[in-house]
Amino acid sequence: MQKITFEERAVAFIDVLGFKSAVDLADQDSKSLEELEQLIHLLSSAIPSLDGSVTPSVPPELMPKHIYVSDSIILSAPLTSSKMQSYKGLSILVMRVIQLTHILLNKGYLIRGGISIGNVWHTRSNIVGVAYQEAHSLESQVIVPCVKLSPSARDHWDKTEGNDNKMCIDYKNSFIVNGLHDYYILDKTHGAAMRAFESYNRIVDQNIKESLTESVRYKWWWFKQYIHSEIKRNAFIVHA
């Protein structure tokens, strides 16, 4: 019998919006099936790919653990470390969520989720604990495409990062991960942020136009307002 050992960690539960409809369509034609296969490959490979870019000097136990199941990605990281005094597990987890937001948005998908902190037991195949339950519950309560921090996670963020770190922001009466933070755009060439936001605008506008239900259209409309708020905050010059 495997022994459960709880550890204080930051936990994120991330859900990919539109996955159910992708599965339904894949049952009807080969093109949709191919698109679903590409999405599943992306979900299963995104975190390992990001992990591979981390410097070898970071102790393996400080790397975020992850579990991928269907349309959900569960991440967790130790909150602190005695081996690396500067280590901030919640910030590392938030960074991963931002990276995932950019990666999936580039492919036309939005994410929604919750982040909490507390005791959990996280193995390669399972995760158990109050922090996971709270993150999962928070995700189920979030209607719009954002990743929201629990009150305990926000308190920890305020103590460790404060208001100057814009990886998390107050937006429309919620404290959320700033998934569009331009620093984490994969392209690092000159003008990359402006090109990325122009592309995001096109992706969003196309989905608003094509969405068949009002609830889906609203999610994309909400995200369009969020894009515009980030363009304004960063003073980008973006051509729609």
# chains A, B, ... in the order shown; residues from 1 in each chain; ligands from 1
>>> select_by_dssp(residues="segment 85-174 of chain A", states="helix (DSSP H, G or I)", output="PyMOL selection string")
chain A and resi 89-106+130-141+151-160
>>> write_last_selection(atoms="C-alpha atoms", output="mmCIF file, in the first residue's frame")
data_model
loop_
_atom_site.group_PDB
_atom_site.id
_atom_site.type_symbol
_atom_site.label_atom_id
_atom_site.label_comp_id
_atom_site.auth_asym_id
_atom_site.auth_seq_id
_atom_site.Cartn_x
_atom_site.Cartn_y
_atom_site.Cartn_z
ATOM 1 C CA GLY A 89 6.221 27.836 -6.163
ATOM 2 C CA LEU A 90 3.055 29.837 -6.745
ATOM 3 C CA SER A 91 4.867 32.152 -9.155
ATOM 4 C CA ILE A 92 6.292 29.156 -11.036
ATOM 5 C CA LEU A 93 2.806 27.684 -11.349
ATOM 6 C CA VAL A 94 1.351 30.989 -12.573
ATOM 7 C CA MET A 95 4.125 31.176 -15.176
ATOM 8 C CA ARG A 96 3.180 27.720 -16.472
ATOM 9 C CA VAL A 97 -0.471 28.764 -16.759
ATOM 10 C CA ILE A 98 0.496 31.862 -18.762
ATOM 11 C CA GLN A 99 2.638 29.752 -21.082
ATOM 12 C CA LEU A 100 -0.252 27.326 -21.594
ATOM 13 C CA THR A 101 -2.624 30.216 -22.331
ATOM 14 C CA HIS A 102 -0.385 31.450 -25.151
ATOM 15 C CA ILE A 103 0.239 27.970 -26.561
ATOM 16 C CA LEU A 104 -3.442 26.991 -26.663
ATOM 17 C CA LEU A 105 -4.712 30.387 -27.820
ATOM 18 C CA ASN A 106 -2.361 30.153 -30.797
ATOM 19 C CA VAL A 130 -7.671 19.956 0.037
ATOM 20 C CA ALA A 131 -5.717 22.282 -2.278
ATOM 21 C CA TYR A 132 -6.579 20.132 -5.287
ATOM 22 C CA GLN A 133 -10.235 19.967 -4.265
ATOM 23 C CA GLU A 134 -10.374 23.739 -3.877
ATOM 24 C CA ALA A 135 -8.704 24.359 -7.255
ATOM 25 C CA HIS A 136 -11.100 21.919 -8.945
ATOM 26 C CA SER A 137 -14.111 23.498 -7.250
ATOM 27 C CA LEU A 138 -12.942 26.976 -8.205
ATOM 28 C CA GLU A 139 -12.607 25.963 -11.863
ATOM 29 C CA SER A 140 -16.183 24.655 -11.873
ATOM 30 C CA GLN A 141 -17.411 28.033 -10.604
ATOM 31 C CA PRO A 151 -8.436 33.734 -1.466
ATOM 32 C CA SER A 152 -5.540 31.841 0.160
ATOM 33 C CA ALA A 153 -3.551 31.871 -3.080
ATOM 34 C CA ARG A 154 -4.167 35.587 -3.502
ATOM 35 C CA ASP A 155 -3.029 36.293 0.063
ATOM 36 C CA HIS A 156 0.156 34.345 -0.611
ATOM 37 C CA TRP A 157 0.682 36.181 -3.908
ATOM 38 C CA ASP A 158 0.265 39.566 -2.224
ATOM 39 C CA LYS A 159 2.835 38.624 0.413
ATOM 40 C CA THR A 160 5.423 37.227 -1.992
#
>>> select_by_dssp(residues="segment 26-204 of chain A", states="strand (DSSP E)", output="number ranges by chain")
A: 65-69, 72-78, 111-122, 127-129, 147-149, 168-171, 174-177
>>> write_last_selection(atoms="C-alpha atoms", output="short mmCIF file (atom, residue, chain, number, x, y, z; two decimals), in the first residue's frame")
data_model
loop_
_atom_site.label_atom_id
_atom_site.label_comp_id
_atom_site.auth_asym_id
_atom_site.auth_seq_id
_atom_site.Cartn_x
_atom_site.Cartn_y
_atom_site.Cartn_z
CA LYS A 65 4.36 18.10 -11.48
CA HIS A 66 1.51 17.55 -13.90
CA ILE A 67 -1.26 15.12 -14.75
CA TYR A 68 -3.07 15.28 -18.08
CA VAL A 69 -6.56 13.72 -18.26
CA SER A 72 -7.81 18.86 -18.10
CA ILE A 73 -4.27 19.59 -16.96
CA ILE A 74 -3.49 19.47 -13.24
CA LEU A 75 -0.29 21.16 -12.08
CA SER A 76 1.32 21.51 -8.68
CA ALA A 77 4.59 22.85 -7.29
CA PRO A 78 6.11 23.06 -3.78
CA ILE A 111 -8.64 27.81 -20.94
CA ARG A 112 -10.42 28.19 -17.63
CA GLY A 113 -9.28 27.15 -14.17
CA GLY A 114 -8.54 27.69 -10.52
CA ILE A 115 -5.39 27.91 -8.41
CA SER A 116 -5.17 27.17 -4.70
CA ILE A 117 -2.51 26.46 -2.10
CA GLY A 118 -2.47 23.90 0.69
CA ASN A 119 -1.61 20.31 1.52
CA VAL A 120 -1.68 17.76 -1.29
CA TRP A 121 -0.12 14.44 -2.21
CA HIS A 122 0.87 14.46 -5.88
CA ILE A 127 -3.31 13.91 -6.70
CA VAL A 128 -5.17 14.06 -3.38
CA GLY A 129 -5.68 16.89 -0.93
CA VAL A 147 -7.75 31.16 -14.26
CA LYS A 148 -8.80 32.50 -10.88
CA LEU A 149 -6.80 32.42 -7.64
CA CYS A 168 -1.63 38.13 -11.79
CA ILE A 169 -4.07 41.04 -12.01
CA ASP A 170 -7.39 42.31 -10.79
CA TYR A 171 -9.79 42.15 -13.72
CA SER A 174 -11.67 38.85 -9.91
CA PHE A 175 -8.00 38.18 -9.18
CA ILE A 176 -6.79 36.15 -12.13
CA VAL A 177 -3.68 34.89 -13.84
#
>>> closest_residue(among="A:Arg217, A:His41, A:Arg124, A:Lys31", to="Asp71 of chain A", atoms="only C-alpha atoms")
A:His41
>>> closest_residue(among="A:Gly179, A:Pro145, A:Pro64, A:Gly162", to="Ala12 of chain A", atoms="only C-alpha atoms")
A:Pro64
>>> closest_residue(among="A:Ser49, A:Met1, A:Asn234, A:Val142", to="Tyr183 of chain A", atoms="only C-alpha atoms")
A:Asn234
>>> residues_around(residues="Val204 of chain A", least_positions_apart="3", cutoff="9 Å", atoms="only C-alpha atoms", output="list in words")
Gly108, Ser199, Tyr200, Asn201, Asn207, Ile208, Lys209, Trp220, Trp221, Phe223 and Lys224 of chain A
>>> atom_distance(atom1="atom CA of Leu36 of chain A", atom2="atom CA of Asn178 of chain A")
26.8 Å
>>> atom_distance(atom1="atom CA of Tyr109 of chain A", atom2="atom CA of Lys172 of chain A")
21.4 Å
>>> atom_distance(atom1="atom CA of Leu79 of chain A", atom2="atom CA of Leu62 of chain A")
9.2 Å
>>> residues_around(residues="Glu230 of chain A", least_positions_apart="3", cutoff="9 Å", atoms="only C-alpha atoms", output="list in words")
Asn178, Leu180, His181, Asp182, Gln225, Tyr226, Ile227, Arg233, Asn234, Ala235 and Phe236 of chain A
>>> residues_around(residues="Val23 of chain A", least_positions_apart="2", cutoff="12 Å", atoms="only C-alpha atoms", output="MDAnalysis selection string")
chainID A and resid 17:21 25:40 70:71
